[in-house]
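What's in query.json: JSON, C-alpha atoms
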```
[["chain", "number", "residue", "atom", "x", "y", "z"],
["Q", 1, "MET", "CA", -5.99, -6.04, -57.11],
["Q", 2, "LYS", "CA", -4.84, -8.90, -55.00],
["Q", 3, "SER", "CA", -7.48, -10.92, -53.15],
["Q", 4, "ALA", "CA", -7.14, -11.58, -49.45],
["Q", 5, "GLY", "CA", -5.59, -14.93, -48.67],
["Q", 6, "PHE", "CA", -6.63, -17.37, -45.95],
["Q", 7, "GLY", "CA", -3.93, -16.11, -43.56],
["Q", 8, "ASP", "CA", -5.08, -12.52, -44.01],
["Q", 9, "ILE", "CA", -8.64, -13.41, -42.94],
["Q", 10, "GLN", "CA", -7.41, -15.24, -39.83],
["Q", 11, "ASP", "CA", -5.17, -12.30, -38.93],
["Q", 12, "CYS", "CA", -8.09, -9.92, -39.39],
["Q", 13, "ASP", "CA", -10.35, -12.11, -37.22],
["Q", 14, "ARG", "CA", -7.73, -12.22, -34.46],
["Q", 15, "GLU", "CA", -7.29, -8.46, -34.62],
["Q", 16, "LEU", "CA", -11.06, -7.91, -34.40],
["Q", 17, "ALA", "CA", -11.33, -10.29, -31.45],
["Q", 18, "ALA", "CA", -8.52, -8.44, -29.66],
["Q", 19, "LEU", "CA", -10.09, -5.07, -30.43],
["Q", 20, "ARG", "CA", -13.48, -6.23, -29.12],
["Q", 21, "THR", "CA", -11.86, -7.35, -25.87],
["Q", 22, "LEU", "CA", -10.01, -4.06, -25.57],
["Q", 23, "SER", "CA", -13.19, -2.09, -26.30],
["Q", 24, "ASP", "CA", -14.89, -3.83, -23.37],
["Q", 25, "ARG", "CA", -12.12, -2.63, -21.06],
["Q", 26, "PHE", "CA", -11.39, 0.77, -22.62],
["Q", 27, "HIS", "CA", -14.48, 2.60, -23.77],
["Q", 28, "ASN", "CA", -12.64, 5.16, -25.90],
["Q", 29, "ILE", "CA", -9.23, 5.96, -27.35],
["Q", 30, "ASP", "CA", -8.36, 8.31, -24.48],
["Q", 31, "ALA", "CA", -8.92, 5.54, -21.92],
["Q", 32, "ALA", "CA", -6.66, 3.20, -23.90],
["Q", 33, "ILE", "CA", -3.97, 5.88, -24.28],
["Q", 34, "ALA", "CA", -4.12, 6.63, -20.55],
["Q", 35, "GLU", "CA", -3.64, 2.94, -19.73],
["Q", 36, "ILE", "CA", -0.71, 2.68, -22.15],
["Q", 37, "ALA", "CA", 0.87, 5.73, -20.50],
["Q", 38, "ARG", "CA", 0.29, 4.26, -17.02],
["Q", 39, "LEU", "CA", 1.82, 0.92, -18.01],
["Q", 40, "SER", "CA", 4.81, 2.66, -19.61],
["Q", 41, "ALA", "CA", 5.38, 4.55, -16.37],
["Q", 42, "VAL", "CA", 5.07, 1.34, -14.33],
["Q", 43, "LEU", "CA", 7.94, -0.14, -16.35],
["Q", 44, "THR", "CA", 10.21, 2.61, -14.98],
["Q", 45, "LEU", "CA", 9.56, 1.66, -11.34],
["Q", 46, "PRO", "CA", 12.12, -0.40, -9.40],
["Q", 47, "LYS", "CA", 11.81, -4.15, -9.66],
["Q", 48, "GLY", "CA", 10.59, -6.00, -6.58],
["Q", 49, "THR", "CA", 12.87, -7.96, -4.30],
["Q", 50, "ILE", "CA", 12.56, -11.72, -4.06],
["Q", 51, "HIS", "CA", 13.42, -13.20, -0.70],
["Q", 52, "VAL", "CA", 13.78, -16.95, -0.28],
["Q", 53, "ILE", "CA", 13.16, -18.43, 3.16],
["Q", 54, "SER", "CA", 14.19, -21.98, 4.01],
["Q", 55, "ASP", "CA", 14.39, -24.21, 7.06],
["Q", 56, "ILE", "CA", 11.40, -22.70, 8.86],
["Q", 57, "HIS", "CA", 9.75, -26.11, 9.49],
["Q", 58, "GLY", "CA", 6.62, -25.11, 11.37],
["Q", 59, "GLU", "CA", 8.26, -22.22, 13.18],
["Q", 60, "ASP", "CA", 5.21, -19.97, 13.00],
["Q", 61, "LYS", "CA", 6.62, -17.20, 15.19],
["Q", 62, "LYS", "CA", 9.90, -17.02, 13.29],
["Q", 63, "LEU", "CA", 8.15, -17.01, 9.92],
["Q", 64, "ARG", "CA", 5.69, -14.35, 11.07],
["Q", 65, "HIS", "CA", 8.56, -12.18, 12.31],
["Q", 66, "VAL", "CA", 10.36, -12.48, 8.95],
["Q", 67, "ILE", "CA", 7.18, -11.59, 7.08],
["Q", 68, "ASN", "CA", 6.29, -8.70, 9.42],
["Q", 69, "ASN", "CA", 9.86, -7.44, 9.23],
["Q", 70, "ALA", "CA", 9.68, -7.35, 5.40],
["Q", 71, "SER", "CA", 12.74, -9.59, 5.33],
["Q", 72, "GLY", "CA", 14.87, -7.02, 7.13],
["Q", 73, "THR", "CA", 14.32, -4.19, 4.63],
["Q", 74, "LEU", "CA", 11.63, -2.27, 6.49],
["Q", 75, "ARG", "CA", 13.45, -1.34, 9.71],
["Q", 76, "PRO", "CA", 16.33, 0.49, 7.95],
["Q", 77, "LEU", "CA", 13.84, 2.40, 5.80],
["Q", 78, "VAL", "CA", 11.78, 3.42, 8.85],
["Q", 79, "GLU", "CA", 14.89, 4.46, 10.76],
["Q", 80, "LYS", "CA", 16.11, 6.54, 7.81],
["Q", 81, "LEU", "CA", 12.72, 8.23, 7.38],
["Q", 82, "PHE", "CA", 11.94, 8.99, 11.01],
["Q", 83, "ALA", "CA", 15.16, 9.05, 13.07],
["Q", 84, "SER", "CA", 15.41, 12.82, 12.80],
["Q", 85, "LYS", "CA", 11.67, 13.40, 13.29],
["Q", 86, "ILE", "CA", 10.84, 11.44, 16.43],
["Q", 87, "SER", "CA", 12.59, 10.34, 19.61],
["Q", 88, "PRO", "CA", 14.33, 6.94, 19.81],
["Q", 89, "GLN", "CA", 11.54, 5.72, 22.14],
["Q", 90, "GLN", "CA", 8.82, 6.82, 19.70],
["Q", 91, "LEU", "CA", 10.76, 5.23, 16.83],
["Q", 92, "ALA", "CA", 10.94, 1.90, 18.69],
["Q", 93, "GLU", "CA", 7.21, 2.13, 19.43],
["Q", 94, "PHE", "CA", 6.44, 2.93, 15.79],
["Q", 95, "ILE", "CA", 8.52, -0.01, 14.53],
["Q", 96, "THR", "CA", 6.64, -2.29, 16.92],
["Q", 97, "VAL", "CA", 3.31, -0.94, 15.60],
["Q", 98, "ILE", "CA", 4.41, -1.65, 12.04],
["Q", 99, "PHE", "CA", 5.65, -5.18, 12.74],
["Q", 100, "TYR", "CA", 2.88, -6.23, 15.16],
["Q", 101, "PRO", "CA", -0.18, -3.98, 14.66],
["Q", 102, "ALA", "CA", -2.76, -6.43, 16.00],
["Q", 103, "GLU", "CA", -0.75, -7.14, 19.14],
["Q", 104, "VAL", "CA", -0.08, -3.45, 19.83],
["Q", 105, "THR", "CA", -3.74, -2.58, 19.32],
["Q", 106, "GLU", "CA", -4.87, -5.42, 21.59],
["Q", 107, "ARG", "CA", -2.36, -4.45, 24.28],
["Q", 108, "LEU", "CA", -3.44, -0.80, 24.10],
["Q", 109, "GLU", "CA", -7.11, -1.72, 24.41],
["Q", 110, "GLN", "CA", -6.36, -3.96, 27.40],
["Q", 111, "ALA", "CA", -4.21, -1.31, 29.07],
["Q", 112, "THR", "CA", -6.78, 1.46, 28.89],
["Q", 113, "ALA", "CA", -10.48, 1.87, 28.48],
["Q", 114, "ASP", "CA", -10.05, 5.61, 27.99],
["Q", 115, "PRO", "CA", -11.13, 6.43, 24.42],
["Q", 116, "GLU", "CA", -9.11, 9.67, 24.49],
["Q", 117, "THR", "CA", -5.86, 7.76, 25.16],
["Q", 118, "ILE", "CA", -6.56, 5.42, 22.24],
["Q", 119, "ARG", "CA", -7.51, 8.37, 20.03],
["Q", 120, "ALA", "CA", -4.31, 10.23, 20.98],
["Q", 121, "PHE", "CA", -2.24, 7.16, 20.13],
["Q", 122, "ALA", "CA", -3.95, 6.77, 16.74],
["Q", 123, "SER", "CA", -3.57, 10.49, 15.99],
["Q", 124, "ARG", "CA", 0.12, 10.34, 16.85],
["Q", 125, "VAL", "CA", 0.92, 7.20, 14.82],
["Q", 126, "LEU", "CA", -1.35, 7.67, 11.77],
["Q", 127, "PRO", "CA", 0.62, 10.48, 10.06],
["Q", 128, "TYR", "CA", 3.83, 8.42, 10.29],
["Q", 129, "GLN", "CA", 2.08, 5.34, 8.95],
["Q", 130, "LEU", "CA", 0.73, 7.33, 6.01],
["Q", 131, "GLU", "CA", 4.16, 8.79, 5.28],
["Q", 132, "LEU", "CA", 5.63, 5.29, 5.26],
["Q", 133, "VAL", "CA", 2.82, 4.02, 3.00],
["Q", 134, "ARG", "CA", 3.46, 6.92, 0.60],
["Q", 135, "VAL", "CA", 7.15, 6.01, 0.38],
["Q", 136, "LEU", "CA", 6.47, 2.30, -0.05],
["Q", 137, "ALA", "CA", 3.64, 2.89, -2.54],
["Q", 138, "SER", "CA", 5.87, 5.12, -4.67],
["Q", 139, "ARG", "CA", 7.60, 1.92, -5.79],
["Q", 140, "TYR", "CA", 4.37, 0.72, -7.40],
["Q", 141, "SER", "CA", 1.62, 2.07, -9.57],
["Q", 142, "LEU", "CA", -1.25, 3.62, -7.63],
["Q", 143, "LYS", "CA", -3.52, 0.92, -9.03],
["Q", 144, "ARG", "CA", -1.29, -1.84, -7.63],
["Q", 145, "ALA", "CA", -0.70, -0.07, -4.33],
["Q", 146, "THR", "CA", -4.39, 0.48, -3.65],
["Q", 147, "HIS", "CA", -5.19, -3.09, -4.67],
["Q", 148, "SER", "CA", -3.86, -4.20, -1.27],
["Q", 149, "PHE", "CA", -6.29, -1.92, 0.60],
["Q", 150, "PRO", "CA", -9.54, -3.34, 2.00],
["Q", 151, "ALA", "CA", -12.24, -2.63, -0.61],
["Q", 152, "GLU", "CA", -14.37, -0.61, 1.81],
["Q", 153, "TYR", "CA", -11.49, 1.77, 2.57],
["Q", 154, "ILE", "CA", -9.84, 2.25, -0.85],
["Q", 155, "SER", "CA", -11.25, 5.74, -1.36],
["Q", 156, "LEU", "CA", -10.48, 6.91, 2.17],
["Q", 157, "LEU", "CA", -6.96, 5.44, 2.29],
["Q", 158, "SER", "CA", -6.13, 6.71, -1.22],
["Q", 159, "GLU", "CA", -7.12, 10.22, -0.23],
["Q", 160, "MET", "CA", -5.17, 10.02, 3.00],
["Q", 161, "MET", "CA", -2.13, 8.49, 1.32],
["Q", 162, "ASN", "CA", -2.02, 11.11, -1.43],
["Q", 163, "SER", "CA", -2.58, 14.12, 0.80],
["Q", 164, "PRO", "CA", 0.24, 14.72, 3.27],
["Q", 165, "ALA", "CA", -0.94, 15.76, 6.72],
["Q", 166, "THR", "CA", 0.74, 19.14, 6.39],
["Q", 167, "GLU", "CA", -1.45, 20.05, 3.43],
["Q", 168, "ARG", "CA", -4.74, 18.90, 4.94],
["Q", 169, "GLY", "CA", -4.14, 19.97, 8.48],
["Q", 170, "HIS", "CA", -4.54, 18.15, 11.76],
["Q", 171, "GLU", "CA", -8.33, 18.54, 11.74],
["Q", 172, "PHE", "CA", -8.67, 16.41, 8.59],
["Q", 173, "PHE", "CA", -6.93, 13.42, 10.15],
["Q", 174, "SER", "CA", -8.54, 13.97, 13.54],
["Q", 175, "ALA", "CA", -11.98, 13.77, 11.93],
["Q", 176, "ILE", "CA", -11.03, 10.45, 10.31],
["Q", 177, "VAL", "CA", -9.64, 9.03, 13.56],
["Q", 178, "ASP", "CA", -12.76, 10.16, 15.43],
["Q", 179, "GLU", "CA", -15.07, 8.38, 12.99],
["Q", 180, "LEU", "CA", -13.00, 5.20, 12.79],
["Q", 181, "HIS", "CA", -12.53, 4.91, 16.53]]
```
Starting from the file, give its structure as structure tokens.
Amino acid sequence: MKSAGFGDIQDCDRELAALRTLSDRFHNIDAAIAEIARLSAVLTLPKGTIHVISDIHGEDKKLRHVINNASGTLRPLVEKLFASKISPQQLAEFITVIFYPAEVTERLEQATADPETIRAFASRVLPYQLELVRVLASRYSLKRATHSFPAEYISLLSEMMNSPATERGHEFFSAIVDELH
């Protein structure tokens, strides 16, 4: 019988340290297997695009437009998804909502004090926003996609994102809009 050498003890200690760390994160074998499966699936997703911007030099509005516009990749996607579903005027309005949500919301609130008008706008735009989020999120793991959600709304937005409006019905989304309004 061969005795364990010095290197074998160090290797064993490193393995135990790694296993202890893993056991803190994954409480059983099934949890570890599920994470391995999730990470394997993530490796099959498309790689992200890197966009380099130069010569902005304090041009806040130009930089904000480039960022809001997702470097020119968002508009073609939105047009492809919705051109056959909504009118050209509604499509232009929807693109503006996507690129400048705070400004559109502020302008709407200044233009009307009627809660029903604001509610109708939100009810009209929300299903399209969720459809777009579903398409964009499909490029990432659910864990990564939901990481960008505000912590207070992760559960609500995850449920909305993963349940198309046609399956839940108009009442489901109306109830959400009513409570958030």
* **Shortest interatomic distance to Phe172 (chain Q) - which of Q:Pro127, Q:Thr73, Q:Ser155, Q:Ile95, counting all atoms listed in the file** =>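 With all atoms listed in the file as the atom set, the closest residue is Q:Pro127.
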* Asked: Which one of Q:Arg14, Q:His147, Q:Arg107, Q:Arg134 sits closest to Met160 (chain Q) if you count all atoms listed in the file?
  ->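 The answer is Q:Arg134, which sits nearest to Met160 (chain Q).
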* Asked: Can you find the residues with an atom no farther than 12 Å from (11.2, 9.6, 18.2), counting only C-alpha atoms, and report them as an NGL selection string?
  -> :Q and (78-95 or 124-125 or 128)
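Here CA of Leu130 (chain Q) and CA of Met161 (chain Q) stand 5.6 Å from one another.
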* Long-range neighbours of Leu180 (chain Q) as an MDAnalysis selection string, 12 Å cut-off, only C-alpha atoms, 5 positions minimum in chain -> chainID Q and resid 115 118:119 122:123 126 153 156 173:175
* Find, counting only C-alpha atoms, the residue in Q:Leu108, Q:Leu19, Q:Ile176, Q:Val42 that gets nearest to Phe121 (chain Q). =>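 Once distances to Phe121 (chain Q) are computed over only C-alpha atoms, the minimum belongs to Q:Leu108.
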* To do: Would you work out the distance separating CA of Tyr100 (chain Q) from CA of Glu159 (chain Q), expressed in Å to one decimal?
  =>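 So the answer is 24.6 Å.
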* To do: Figure out the distance between CA of Val104 (chain Q) and CA of Pro76 (chain Q), please, to one decimal in Å.
  =>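 CA of Val104 (chain Q) lies 20.6 Å from CA of Pro76 (chain Q).
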